[in-house]
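Participant: Sharing a structure, written as structure tokens. Questions coming.
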Amino acid sequence: MRTLAVWTNKGGVGKTSAAVNLAYVAATRGNRTLLWDLDAQGAASFFLRIKPHVKGGGKRVVRKSAELRELVRATDYENLDLLPADFSYRHLDLMLDALKKPSKRLATKLAGLADEYDWVLLDCPPSVSLISEGIVRAADAILVPVIPTALSLRTLEQVRSFAAEVCGSRVPVLPFLSMVDRRKRMHREAADSLAGGSEGFLQSFIPVASMVEQMGSYRTPVGAHAPSSPAAQAFATLFAELEARLA
Amino acid sequence: MTIVRWAISGELDLGHILAELGPSFRARKGPPSEVTVHYLDTFDWEAWRNGGRLTLEECPGSTRLRWRRTAPLPSFTVAVARPPRFAGELPPGVFRRELEAISGVRALLPVGAARVRRHPINVVSSQGKVVARISRNTMVVLSSDGATAGDPRDTVSLEGLAGFAKVEERLTALLDACPALSRTEPDDLAAAAAARGHRPGDYSSKLAFRLAPEAPAGEAVRTVLLHLLGTIEANVPGVLDDLDTEFLHDLRVATRRTRAAIGQLKRVFPPDELAPHAAELSWLGGVTGPCRDLDVFLLEVESYRSSLQPADATALGPLVALLDRERAGAHAELVAHLRSSRARAALDGWRSFLASAASEPPPTALRPIREVAFRRILRAYSRVVMAGLAAGERPSVEELHRLRIGAKKLRYLLEFFDSLLEPGRVAHLIAELKTLQDILGGYRDAFVQQQRLAELAAEMLRAGVDSPAPLLAVGRLVEVLAHRQADHLARYHDGFASFASAESQAEYNALFGTEGGS
């Protein structure tokens, strides 16, 4: 089982759409895939038409005795399951803080699903907190969407520092360019400079696309409602690169 | 994902049943579809043996490969652009790895087909989320030529989805309560295979027969040889169509076992009657050799190539291309031989000979098989031990080759006659011989392949390869093979020491000596 955390501490950079669409691509390639919506906003759950509600809330999720598999919901797509969000996740840090070894709790819970899934993607809240620490410890890699602007690059450095502080160099931080608008010169220059693999960036990037923006209307992954679109193909290429990197 | 099925035996109104779920759910009819389901498996039924059903489902606009297995084994589904012939053609991932683990180099062949007309109904929540899938299905099995075979079967299937157990339970109860429905678990694979004259598991290269220890030796040996002839004949079509390399391998192993049995147990047959058949079987073994040697070589080179960096792997391209051409030529020759009247006469004649008992059987044929077989086994073991001891610390290539042949003959005898002892009694002896054989076989292959590579390098030069990279790549491959040959030699000494140990000799004597069988 490979666990990929899609995380950055900056909102609005395409984190959830990346998590949902990459999970969809993984599933269509025959991988048993689980997407865990850890963001109290529940956007990933919304996209997949599953009510962002967990009976017992965050307290149940972090409890040692609770089995995550009881909370799993099948999506409308073969091979793709969801652990839905819950509004109580906004207090997940506090719930974890009350436990022993809080930063390892997520990894321990996910280990129980190791035989059932080939890929687990974590859609993480955009914050730096105890839950973030748990995510870094649970992940095999951290995927960081970065809009090609100076501020986003600064955020990337914060993510890298945090990951190094928690786990040293064990967990690779894999940034990729997100929402790239080549009509804008800054985006063009940054994409040309970074998307070739420099600064540790993945070669694949995701263009800004109306098809991605329309996910909220369709409530389906891009690959489901626009399989031939450049955005759908970009996510497929990104997944292939991730699969090769984490092989 | 669980699927429950019901057979339909009367008038059925699914809409009425689903309305009982209440206003929180609605039934959303999907467009009817017609799906052609091709059941796939290796020739030796490995998917079935591993508890699964591998199907290729084709409907307009979509082709999916499904592998349904019994929990706790995971099931898989993937969209494919075209039917995969081998597991390696699937997209990289766990599905491909697990399927490769059981299918190996074997092709995924159609073993049956059915056409299913589906009328799906998705049960949808107020959020528009599918919470259960129901389908009314009409299935008809198809014969090899695509014609319908047998009566259509009407069923209803319910697929529950994880996290929506309550809906699934209510639906199951509603469908169970319907007088027109009764639970069913039809074996669609068996029905589809039967339409082609097969049944799941009807081929295996393993020897599976039980001999009565007191049966006359002539009768028992004919039983063994008829089984092997069946294996030879079963594999000929796959060799002719070149479906995968294991057809030729299994055909050759069965031929080799036949020749070993004839050689070791020839006294159960009148020698003049046996001789012409032995000669033809020798001919058959000979004509299958060149193509198999190239198959093994190509598999070896590909295995080596896949471990290289891309640039180095590319450098082996000219060698692989040359081997592919040689292999194509060898296969064409093999096909010509197998399609010849000589081959047909050899196999038909052998079957006739085995099917009819000799009018004047030799005395050995009338003795109990246990007595005859045990004596042969003990003698074969002694010969291998003596040959190994005579070869000493620095055996020649030829000495090791003869040793390998002797070990193979002994192993075949143990496999033919293991049913004369308690189950599993000789399994460890067979395993030990297999290990020794693999070492000696690996040594032999490495030696022969090094020589062959030198010849191929010369051919590549004659063919105009003028850049150094391909020749250097061949040179590196020769080095790898030389190391491998040395490794095998080192392992041989340990393996033989165990095989020829005093303990081993005592065990063989105890099992197969005069008072053997204990």
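How things are named: the first chain in the structure tokens is A, the next is B, and so on; residues count from 1 in each chain; ligands count from 1 in the order shown.
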Skipping near chain neighbours, those fewer than 2 positions away, what residues fall within 9 Å of stretch 470-475 of chain B using only C-alpha atoms, listed as a list in words?
Facilitator: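 Once the adjacent positions are removed, what remains is Asp312, Ala313, Thr314, Ala315, Leu316, Gly317, Pro318, Leu319, Leu453, Ala454, Leu456, Ala457, Met460, Leu461, Val465, Asp466, Ser467, Pro468, Leu477, Val478, Glu479 and Val480 of chain B.
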Participant: Now that the selection is made, can you save its residues with C-alpha atoms as a PDB file, in the first residue's frame?
Facilitator:
```pdb
ATOM      1  CA  ASP B 312      22.138  -0.756 -22.009  1.00  0.00           C
ATOM      2  CA  ALA B 313      18.846  -2.538 -22.595  1.00  0.00           C
ATOM      3  CA  THR B 314      18.603  -0.841 -25.985  1.00  0.00           C
ATOM      4  CA  ALA B 315      22.100  -2.040 -26.839  1.00  0.00           C
ATOM      5  CA  LEU B 316      20.850  -5.633 -26.647  1.00  0.00           C
ATOM      6  CA  GLY B 317      18.247  -4.842 -29.310  1.00  0.00           C
ATOM      7  CA  PRO B 318      20.192  -6.283 -32.273  1.00  0.00           C
ATOM      8  CA  LEU B 319      20.839  -9.526 -30.357  1.00  0.00           C
ATOM      9  CA  LEU B 453      26.421 -15.850 -27.882  1.00  0.00           C
ATOM     10  CA  ALA B 454      29.868 -16.055 -29.407  1.00  0.00           C
ATOM     11  CA  LEU B 456      25.567 -14.804 -32.512  1.00  0.00           C
ATOM     12  CA  ALA B 457      28.100 -12.007 -32.121  1.00  0.00           C
ATOM     13  CA  MET B 460      25.680  -9.787 -35.934  1.00  0.00           C
ATOM     14  CA  LEU B 461      28.963  -8.627 -37.455  1.00  0.00           C
ATOM     15  CA  VAL B 465      26.147  -4.283 -36.920  1.00  0.00           C
ATOM     16  CA  ASP B 466      29.034  -1.886 -36.774  1.00  0.00           C
ATOM     17  CA  SER B 467      28.624   0.111 -33.595  1.00  0.00           C
ATOM     18  CA  PRO B 468      30.380  -1.194 -30.501  1.00  0.00           C
ATOM     19  CA  LEU B 477      25.914 -10.922 -21.076  1.00  0.00           C
ATOM     20  CA  VAL B 478      28.605 -13.571 -21.613  1.00  0.00           C
ATOM     21  CA  GLU B 479      30.260 -12.422 -18.390  1.00  0.00           C
ATOM     22  CA  VAL B 480      26.984 -12.662 -16.497  1.00  0.00           C
TER      23      VAL B 480
END
```
Participant: Could you please select, counting only C-alpha atoms, the residues of chain A within 12 Å of chain B and state them as number ranges by chain?
Facilitator: A: 1-2, 25-34, 45-55, 68-84, 114-119, 218-220, 239-241, 243-244, 246-247
Participant: Please provide as a list in words all residues within 10 Å of B:Arg256, with the sequence filter that same-chain residues fewer than 2 positions apart are discarded (counting only C-alpha atoms).
Facilitator: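 Result of the neighbour search: Leu228, Asp250, Leu251, Arg252, Val253, Ala254, Thr258, Arg259, Ala260, Ala261, Ile262, Leu281, Ser282, Leu284, Gly285, Lys408, Lys409 and Tyr412 of chain B.
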Participant: The selected residues should be written to file as a tab-separated table (two decimals), in the first residue's frame (atoms: all heavy atoms).
Facilitator:
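As a result, part.tsv now contains:
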```tsv
chain	number	residue	atom	x	y	z
B	228	LEU	N	0.68	-39.68	-20.34
B	228	LEU	CA	1.67	-38.79	-20.94
B	228	LEU	C	1.33	-38.50	-22.40
B	228	LEU	O	1.53	-37.38	-22.88
B	228	LEU	CB	3.07	-39.41	-20.82
B	228	LEU	CG	3.62	-39.50	-19.39
B	228	LEU	CD1	4.88	-40.36	-19.36
B	228	LEU	CD2	3.91	-38.12	-18.83
B	250	ASP	N	5.67	-28.15	-22.03
B	250	ASP	CA	4.91	-29.29	-21.50
B	250	ASP	C	4.95	-30.47	-22.48
B	250	ASP	O	5.02	-31.63	-22.05
B	250	ASP	CB	3.45	-28.89	-21.23
B	250	ASP	CG	3.27	-28.16	-19.91
B	250	ASP	OD1	4.29	-27.92	-19.22
B	250	ASP	OD2	2.12	-27.81	-19.57
B	251	LEU	N	4.89	-30.17	-23.78
B	251	LEU	CA	4.96	-31.24	-24.77
B	251	LEU	C	6.30	-31.96	-24.67
B	251	LEU	O	6.37	-33.20	-24.69
B	251	LEU	CB	4.76	-30.66	-26.18
B	251	LEU	CG	4.61	-31.65	-27.33
B	251	LEU	CD1	3.78	-31.03	-28.45
B	251	LEU	CD2	5.94	-32.07	-27.91
B	252	ARG	N	7.36	-31.19	-24.55
B	252	ARG	CA	8.70	-31.79	-24.46
B	252	ARG	C	8.88	-32.57	-23.16
B	252	ARG	O	9.48	-33.65	-23.16
B	252	ARG	CB	9.77	-30.70	-24.57
B	252	ARG	CG	10.05	-30.29	-26.00
B	252	ARG	CD	11.10	-29.20	-26.06
B	252	ARG	NE	12.34	-29.53	-25.40
B	252	ARG	CZ	13.28	-30.31	-25.92
B	252	ARG	NH1	13.11	-30.86	-27.11
B	252	ARG	NH2	14.41	-30.53	-25.27
B	253	VAL	N	8.38	-32.03	-22.06
B	253	VAL	CA	8.51	-32.75	-20.78
B	253	VAL	C	7.77	-34.08	-20.85
B	253	VAL	O	8.30	-35.12	-20.43
B	253	VAL	CB	7.99	-31.89	-19.61
B	253	VAL	CG1	7.89	-32.72	-18.33
B	253	VAL	CG2	8.90	-30.70	-19.37
B	254	ALA	N	6.56	-34.06	-21.42
B	254	ALA	CA	5.80	-35.30	-21.53
B	254	ALA	C	6.51	-36.30	-22.45
B	254	ALA	O	6.53	-37.51	-22.18
B	254	ALA	CB	4.40	-35.01	-22.06
B	258	THR	N	8.09	-39.82	-21.29
B	258	THR	CA	7.73	-41.05	-22.02
B	258	THR	C	8.98	-41.82	-22.37
B	258	THR	O	9.07	-43.04	-22.13
B	258	THR	CB	6.95	-40.69	-23.29
B	258	THR	OG1	5.76	-40.00	-22.94
B	258	THR	CG2	6.61	-41.92	-24.09
B	259	ARG	N	9.95	-41.13	-22.93
B	259	ARG	CA	11.19	-41.81	-23.34
B	259	ARG	C	11.93	-42.37	-22.13
B	259	ARG	O	12.53	-43.45	-22.19
B	259	ARG	CB	12.06	-40.86	-24.14
B	259	ARG	CG	11.41	-40.47	-25.47
B	259	ARG	CD	12.23	-39.47	-26.22
B	259	ARG	NE	13.56	-39.99	-26.51
B	259	ARG	CZ	14.62	-39.23	-26.75
B	259	ARG	NH1	14.50	-37.92	-26.73
B	259	ARG	NH2	15.77	-39.77	-27.02
B	260	ALA	N	11.90	-41.63	-21.01
B	260	ALA	CA	12.55	-42.12	-19.79
B	260	ALA	C	11.85	-43.38	-19.30
B	260	ALA	O	12.50	-44.36	-18.91
B	260	ALA	CB	12.52	-41.04	-18.71
B	261	ALA	N	10.51	-43.36	-19.33
B	261	ALA	CA	9.76	-44.54	-18.87
B	261	ALA	C	10.06	-45.74	-19.77
B	261	ALA	O	10.29	-46.86	-19.28
B	261	ALA	CB	8.26	-44.24	-18.89
B	262	ILE	N	10.08	-45.51	-21.06
B	262	ILE	CA	10.37	-46.60	-22.00
B	262	ILE	C	11.77	-47.14	-21.73
B	262	ILE	O	12.00	-48.35	-21.70
B	262	ILE	CB	10.26	-46.11	-23.45
B	262	ILE	CG1	8.82	-45.81	-23.82
B	262	ILE	CG2	10.85	-47.14	-24.40
B	262	ILE	CD1	8.68	-45.14	-25.17
B	281	LEU	N	9.43	-41.57	-31.09
B	281	LEU	CA	9.36	-40.63	-29.97
B	281	LEU	C	10.69	-39.88	-29.82
B	281	LEU	O	10.72	-38.71	-29.46
B	281	LEU	CB	9.00	-41.37	-28.68
B	281	LEU	CG	7.54	-41.83	-28.63
B	281	LEU	CD1	7.33	-42.92	-27.59
B	281	LEU	CD2	6.61	-40.66	-28.36
B	282	SER	N	11.76	-40.57	-30.13
B	282	SER	CA	13.07	-39.91	-30.10
B	282	SER	C	13.12	-38.82	-31.17
B	282	SER	O	13.60	-37.71	-30.94
B	282	SER	CB	14.16	-40.96	-30.34
B	282	SER	OG	15.41	-40.32	-30.45
B	284	LEU	N	10.54	-37.21	-32.35
B	284	LEU	CA	9.66	-36.12	-31.90
B	284	LEU	C	10.38	-35.23	-30.89
B	284	LEU	O	10.33	-34.01	-30.96
B	284	LEU	CB	8.40	-36.72	-31.28
B	284	LEU	CG	7.26	-35.76	-30.96
B	284	LEU	CD1	6.71	-35.14	-32.24
B	284	LEU	CD2	6.14	-36.48	-30.21
B	285	GLY	N	11.09	-35.86	-29.96
B	285	GLY	CA	11.85	-35.07	-28.98
B	285	GLY	C	12.90	-34.21	-29.66
B	285	GLY	O	13.10	-33.05	-29.31
B	408	LYS	N	17.34	-36.73	-13.80
B	408	LYS	CA	16.02	-36.51	-14.36
B	408	LYS	C	15.27	-37.84	-14.46
B	408	LYS	O	14.09	-37.93	-14.12
B	408	LYS	CB	16.16	-35.87	-15.74
B	408	LYS	CG	14.99	-34.99	-16.13
B	408	LYS	CD	15.24	-34.32	-17.46
B	408	LYS	CE	16.04	-33.06	-17.32
B	408	LYS	NZ	16.04	-32.23	-18.55
B	409	LYS	N	15.97	-38.87	-14.93
B	409	LYS	CA	15.33	-40.19	-15.07
B	409	LYS	C	14.86	-40.69	-13.70
B	409	LYS	O	13.76	-41.23	-13.57
B	409	LYS	CB	16.30	-41.19	-15.68
B	409	LYS	CG	16.56	-40.95	-17.15
B	409	LYS	CD	17.57	-41.94	-17.71
B	409	LYS	CE	17.81	-41.68	-19.18
B	409	LYS	NZ	18.90	-42.51	-19.73
B	412	TYR	N	11.78	-38.74	-12.60
B	412	TYR	CA	10.57	-39.18	-13.32
B	412	TYR	C	10.04	-40.48	-12.73
B	412	TYR	O	8.84	-40.66	-12.55
B	412	TYR	CB	10.86	-39.36	-14.81
B	412	TYR	CG	11.11	-38.08	-15.57
B	412	TYR	CD1	11.76	-38.11	-16.80
B	412	TYR	CD2	10.70	-36.84	-15.07
B	412	TYR	CE1	11.99	-36.94	-17.51
B	412	TYR	CE2	10.93	-35.68	-15.78
B	412	TYR	CZ	11.58	-35.74	-17.01
B	412	TYR	OH	11.82	-34.58	-17.71
```
Participant: Rounded to one decimal, what separation in Å do you get between atom CA of A:Glu213 and atom CA of A:Tyr89?
Facilitator: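 Calculated distance between atom CA of A:Glu213 and atom CA of A:Tyr89 is 25.0 Å.
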Participant: Taking only C-alpha atoms into account, name the residue in A:Phe235, A:Phe87, A:Trp36, A:Phe201 that is nearest to A:Tyr24.
Facilitator: A:Phe235
Participant: Could you list, as a list in words, every residue within 12 Å of A:Thr237, counting only C-alpha atoms and ignoring same-chain residues fewer than 6 positions away?
Facilitator: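 Listed by chain and then number, they are Asn21, Leu22, Val25, Ala26, Phe176, Leu202, Gln203, Ser204, Phe205, Ile206, Pro230, Ala231, Glu243 and Ala244 of chain A.
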Participant: Can you pull out every residue within 10 Å of stretch 124-135 of chain A, counting only C-alpha atoms, but drop anything in the same chain fewer than 5 positions away, and send it as a tab-separated table (two decimals) with N, CA and C atoms, in the first residue's frame?
Facilitator:
```tsv
chain	number	residue	atom	x	y	z
A	3	THR	N	0.93	5.34	0.43
A	3	THR	CA	0.12	6.43	1.00
A	3	THR	C	0.69	7.75	0.52
A	4	LEU	N	-0.17	8.52	-0.13
A	4	LEU	CA	0.24	9.80	-0.69
A	4	LEU	C	-0.58	10.89	-0.03
A	5	ALA	N	0.10	11.78	0.66
A	5	ALA	CA	-0.60	12.90	1.30
A	5	ALA	C	-0.56	14.09	0.36
A	6	VAL	N	-1.72	14.61	0.01
A	6	VAL	CA	-1.77	15.82	-0.81
A	6	VAL	C	-1.94	16.98	0.16
A	7	TRP	N	-0.88	17.71	0.36
A	7	TRP	CA	-0.89	18.67	1.46
A	7	TRP	C	-0.05	19.89	1.15
A	8	THR	N	-0.58	21.03	1.55
A	8	THR	CA	0.17	22.26	1.64
A	8	THR	C	-0.55	23.13	2.66
A	9	ASN	N	0.11	24.11	3.21
A	9	ASN	CA	-0.57	24.96	4.18
A	9	ASN	C	-1.14	26.21	3.52
A	10	LYS	N	-1.30	26.17	2.22
A	10	LYS	CA	-1.91	27.29	1.50
A	10	LYS	C	-3.18	26.76	0.83
A	11	GLY	N	-4.28	27.48	1.02
A	11	GLY	CA	-5.53	27.04	0.42
A	11	GLY	C	-5.68	27.55	-1.01
A	12	GLY	N	-6.62	26.95	-1.72
A	12	GLY	CA	-6.96	27.42	-3.07
A	12	GLY	C	-5.93	27.14	-4.14
A	13	VAL	N	-5.12	26.11	-3.94
A	13	VAL	CA	-4.06	25.81	-4.92
A	13	VAL	C	-4.35	24.53	-5.70
A	15	LYS	N	-5.52	21.56	-4.25
A	15	LYS	CA	-5.15	20.38	-3.45
A	15	LYS	C	-6.23	19.30	-3.55
A	16	THR	N	-7.49	19.69	-3.26
A	16	THR	CA	-8.57	18.69	-3.25
A	16	THR	C	-8.84	18.16	-4.64
A	19	ALA	N	-6.25	15.61	-5.27
A	19	ALA	CA	-6.46	14.37	-4.51
A	19	ALA	C	-7.56	13.54	-5.16
A	36	TRP	N	-8.97	9.54	1.61
A	36	TRP	CA	-9.40	9.93	2.94
A	36	TRP	C	-9.53	11.44	2.97
A	37	ASP	N	-10.76	11.91	3.15
A	37	ASP	CA	-11.04	13.34	3.20
A	37	ASP	C	-10.85	13.81	4.65
A	38	LEU	N	-9.69	14.38	4.91
A	38	LEU	CA	-9.37	14.80	6.28
A	38	LEU	C	-9.68	16.27	6.52
A	39	ASP	N	-10.22	16.91	5.50
A	39	ASP	CA	-10.49	18.35	5.60
A	39	ASP	C	-11.94	18.56	6.04
A	40	ALA	N	-12.12	19.26	7.14
A	40	ALA	CA	-13.47	19.46	7.69
A	40	ALA	C	-14.41	20.11	6.68
A	41	GLN	N	-13.87	20.80	5.69
A	41	GLN	CA	-14.73	21.41	4.67
A	41	GLN	C	-15.47	20.36	3.85
A	42	GLY	N	-14.87	19.16	3.76
A	42	GLY	CA	-15.54	18.05	3.09
A	42	GLY	C	-15.68	18.21	1.59
A	89	TYR	N	-13.92	17.32	12.25
A	89	TYR	CA	-12.49	17.25	11.99
A	89	TYR	C	-11.79	18.60	12.22
A	90	ARG	N	-12.57	19.67	12.34
A	90	ARG	CA	-11.94	20.96	12.62
A	90	ARG	C	-11.30	20.95	14.00
A	91	HIS	N	-11.71	19.98	14.83
A	91	HIS	CA	-11.11	19.84	16.17
A	91	HIS	C	-10.23	18.59	16.26
A	92	LEU	N	-9.84	18.05	15.13
A	92	LEU	CA	-9.10	16.78	15.16
A	92	LEU	C	-7.79	16.90	15.93
A	93	ASP	N	-7.16	18.07	15.82
A	93	ASP	CA	-5.91	18.30	16.56
A	93	ASP	C	-6.13	18.11	18.06
A	94	LEU	N	-7.22	18.70	18.55
A	94	LEU	CA	-7.50	18.61	19.99
A	94	LEU	C	-7.77	17.16	20.38
A	95	MET	N	-8.51	16.45	19.51
A	95	MET	CA	-8.82	15.05	19.82
A	95	MET	C	-7.55	14.22	19.86
A	96	LEU	N	-6.65	14.49	18.93
A	96	LEU	CA	-5.41	13.72	18.90
A	96	LEU	C	-4.55	14.05	20.10
A	97	ASP	N	-4.55	15.34	20.48
A	97	ASP	CA	-3.69	15.80	21.56
A	97	ASP	C	-4.01	15.09	22.87
A	101	LYS	N	0.75	9.09	22.05
A	101	LYS	CA	1.42	9.05	20.72
A	101	LYS	C	0.50	9.62	19.64
A	102	PRO	N	0.08	10.83	19.79
A	102	PRO	CA	-0.91	11.39	18.86
A	102	PRO	C	-0.42	11.47	17.42
A	103	SER	N	0.90	11.77	17.26
A	103	SER	CA	1.38	11.99	15.90
A	103	SER	C	1.51	10.68	15.13
A	104	LYS	N	1.41	9.55	15.83
A	104	LYS	CA	1.53	8.26	15.13
A	104	LYS	C	0.16	7.60	14.92
A	105	ARG	N	-0.89	8.25	15.45
A	105	ARG	CA	-2.18	7.57	15.44
A	105	ARG	C	-2.69	7.32	14.02
A	106	LEU	N	-2.54	8.29	13.12
A	106	LEU	CA	-3.04	8.11	11.76
A	106	LEU	C	-2.34	6.95	11.06
A	107	ALA	N	-1.01	6.90	11.21
A	107	ALA	CA	-0.25	5.83	10.57
A	107	ALA	C	-0.70	4.47	11.09
A	108	THR	N	-0.95	4.40	12.40
A	108	THR	CA	-1.38	3.14	13.00
A	108	THR	C	-2.75	2.73	12.45
A	140	ASP	N	3.94	7.95	2.55
A	140	ASP	CA	5.15	7.53	1.84
A	140	ASP	C	5.72	8.68	1.04
A	141	ALA	N	4.88	9.68	0.76
A	141	ALA	CA	5.34	10.88	0.06
A	141	ALA	C	4.31	11.97	0.28
A	142	ILE	N	4.78	13.20	0.19
A	142	ILE	CA	3.86	14.34	0.32
A	142	ILE	C	3.83	15.03	-1.03
A	158	GLN	N	8.24	26.08	3.48
A	158	GLN	CA	7.70	25.83	4.82
A	158	GLN	C	7.29	24.36	4.95
A	159	VAL	N	6.68	23.85	3.88
A	159	VAL	CA	6.28	22.43	3.90
A	159	VAL	C	7.51	21.54	4.03
A	162	PHE	N	8.95	21.68	7.53
A	162	PHE	CA	8.11	20.97	8.50
A	162	PHE	C	8.29	19.46	8.35
A	163	ALA	N	8.28	18.98	7.11
A	163	ALA	CA	8.43	17.54	6.88
A	163	ALA	C	9.78	17.05	7.38
A	165	GLU	N	11.54	18.35	9.75
A	165	GLU	CA	11.52	18.41	11.21
A	165	GLU	C	10.83	17.17	11.78
A	166	VAL	N	9.77	16.73	11.13
A	166	VAL	CA	9.00	15.59	11.65
A	166	VAL	C	9.66	14.27	11.32
A	167	CYS	N	10.13	14.14	10.07
A	167	CYS	CA	10.57	12.82	9.62
A	167	CYS	C	11.92	12.79	8.96
```
Participant: I'd like to know which residues of stretch 131-317 of chain B are strand (DSSP E or B) (by DSSP, run on the backbone); could you write them as a PyMOL selection string?
Facilitator: chain B and resi 131-142+148+153-160+181-183+216
Participant: Compare A:Pro148, A:Gly216, A:Gly58, A:Gly112 by their minimum atom-to-atom distance to A:Lys184, counting only C-alpha atoms, and give me the closest one.
Facilitator: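 Answer, going by the shortest atom-to-atom distance: A:Pro148.
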Participant: Run DSSP on the backbone and grab whatever in stretch 17-196 of chain A lands in helix (DSSP H, G or I); send it over as a count of residues only.
Facilitator: 85
Participant: Point out the residue among B:Glu393, B:Glu58, B:Asp244, B:Asp188 with the least atom-to-atom distance to B:Gly104, counting only C-alpha atoms.
Facilitator: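 Smallest separation from B:Gly104 among the options: B:Asp244.
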Participant: Would you mind reading off the distance between atom CA of B:Leu436 and atom CA of B:Glu507, one decimal, in Å?
Facilitator: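 If I compute the distance from atom CA of B:Leu436 to atom CA of B:Glu507, I get 17.6 Å.
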Participant: Given only C-alpha atoms as the basis, pick out the residue of B:Pro290, B:Gly442, B:Gly464, B:Pro213 nearest to B:Ala486.
Facilitator: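 For B:Ala486, the nearest of the candidates is B:Gly442.
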Participant: Quote the spacing between atom CA of B:Arg85 and atom CA of B:Leu109 in Å to one decimal place.
Facilitator: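 Separation between atom CA of B:Arg85 and atom CA of B:Leu109: 7.2 Å.
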Participant: Can you tell me which residues surround B:Gly201 at a distance of at most 8 Å, considering only C-alpha atoms, apart from same-chain residues fewer than 5 positions away, and format the answer as a list in words?
Facilitator: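 Near B:Gly201, the qualifying residues are Asp44, Trp45, Trp48 and Arg49 of chain B.
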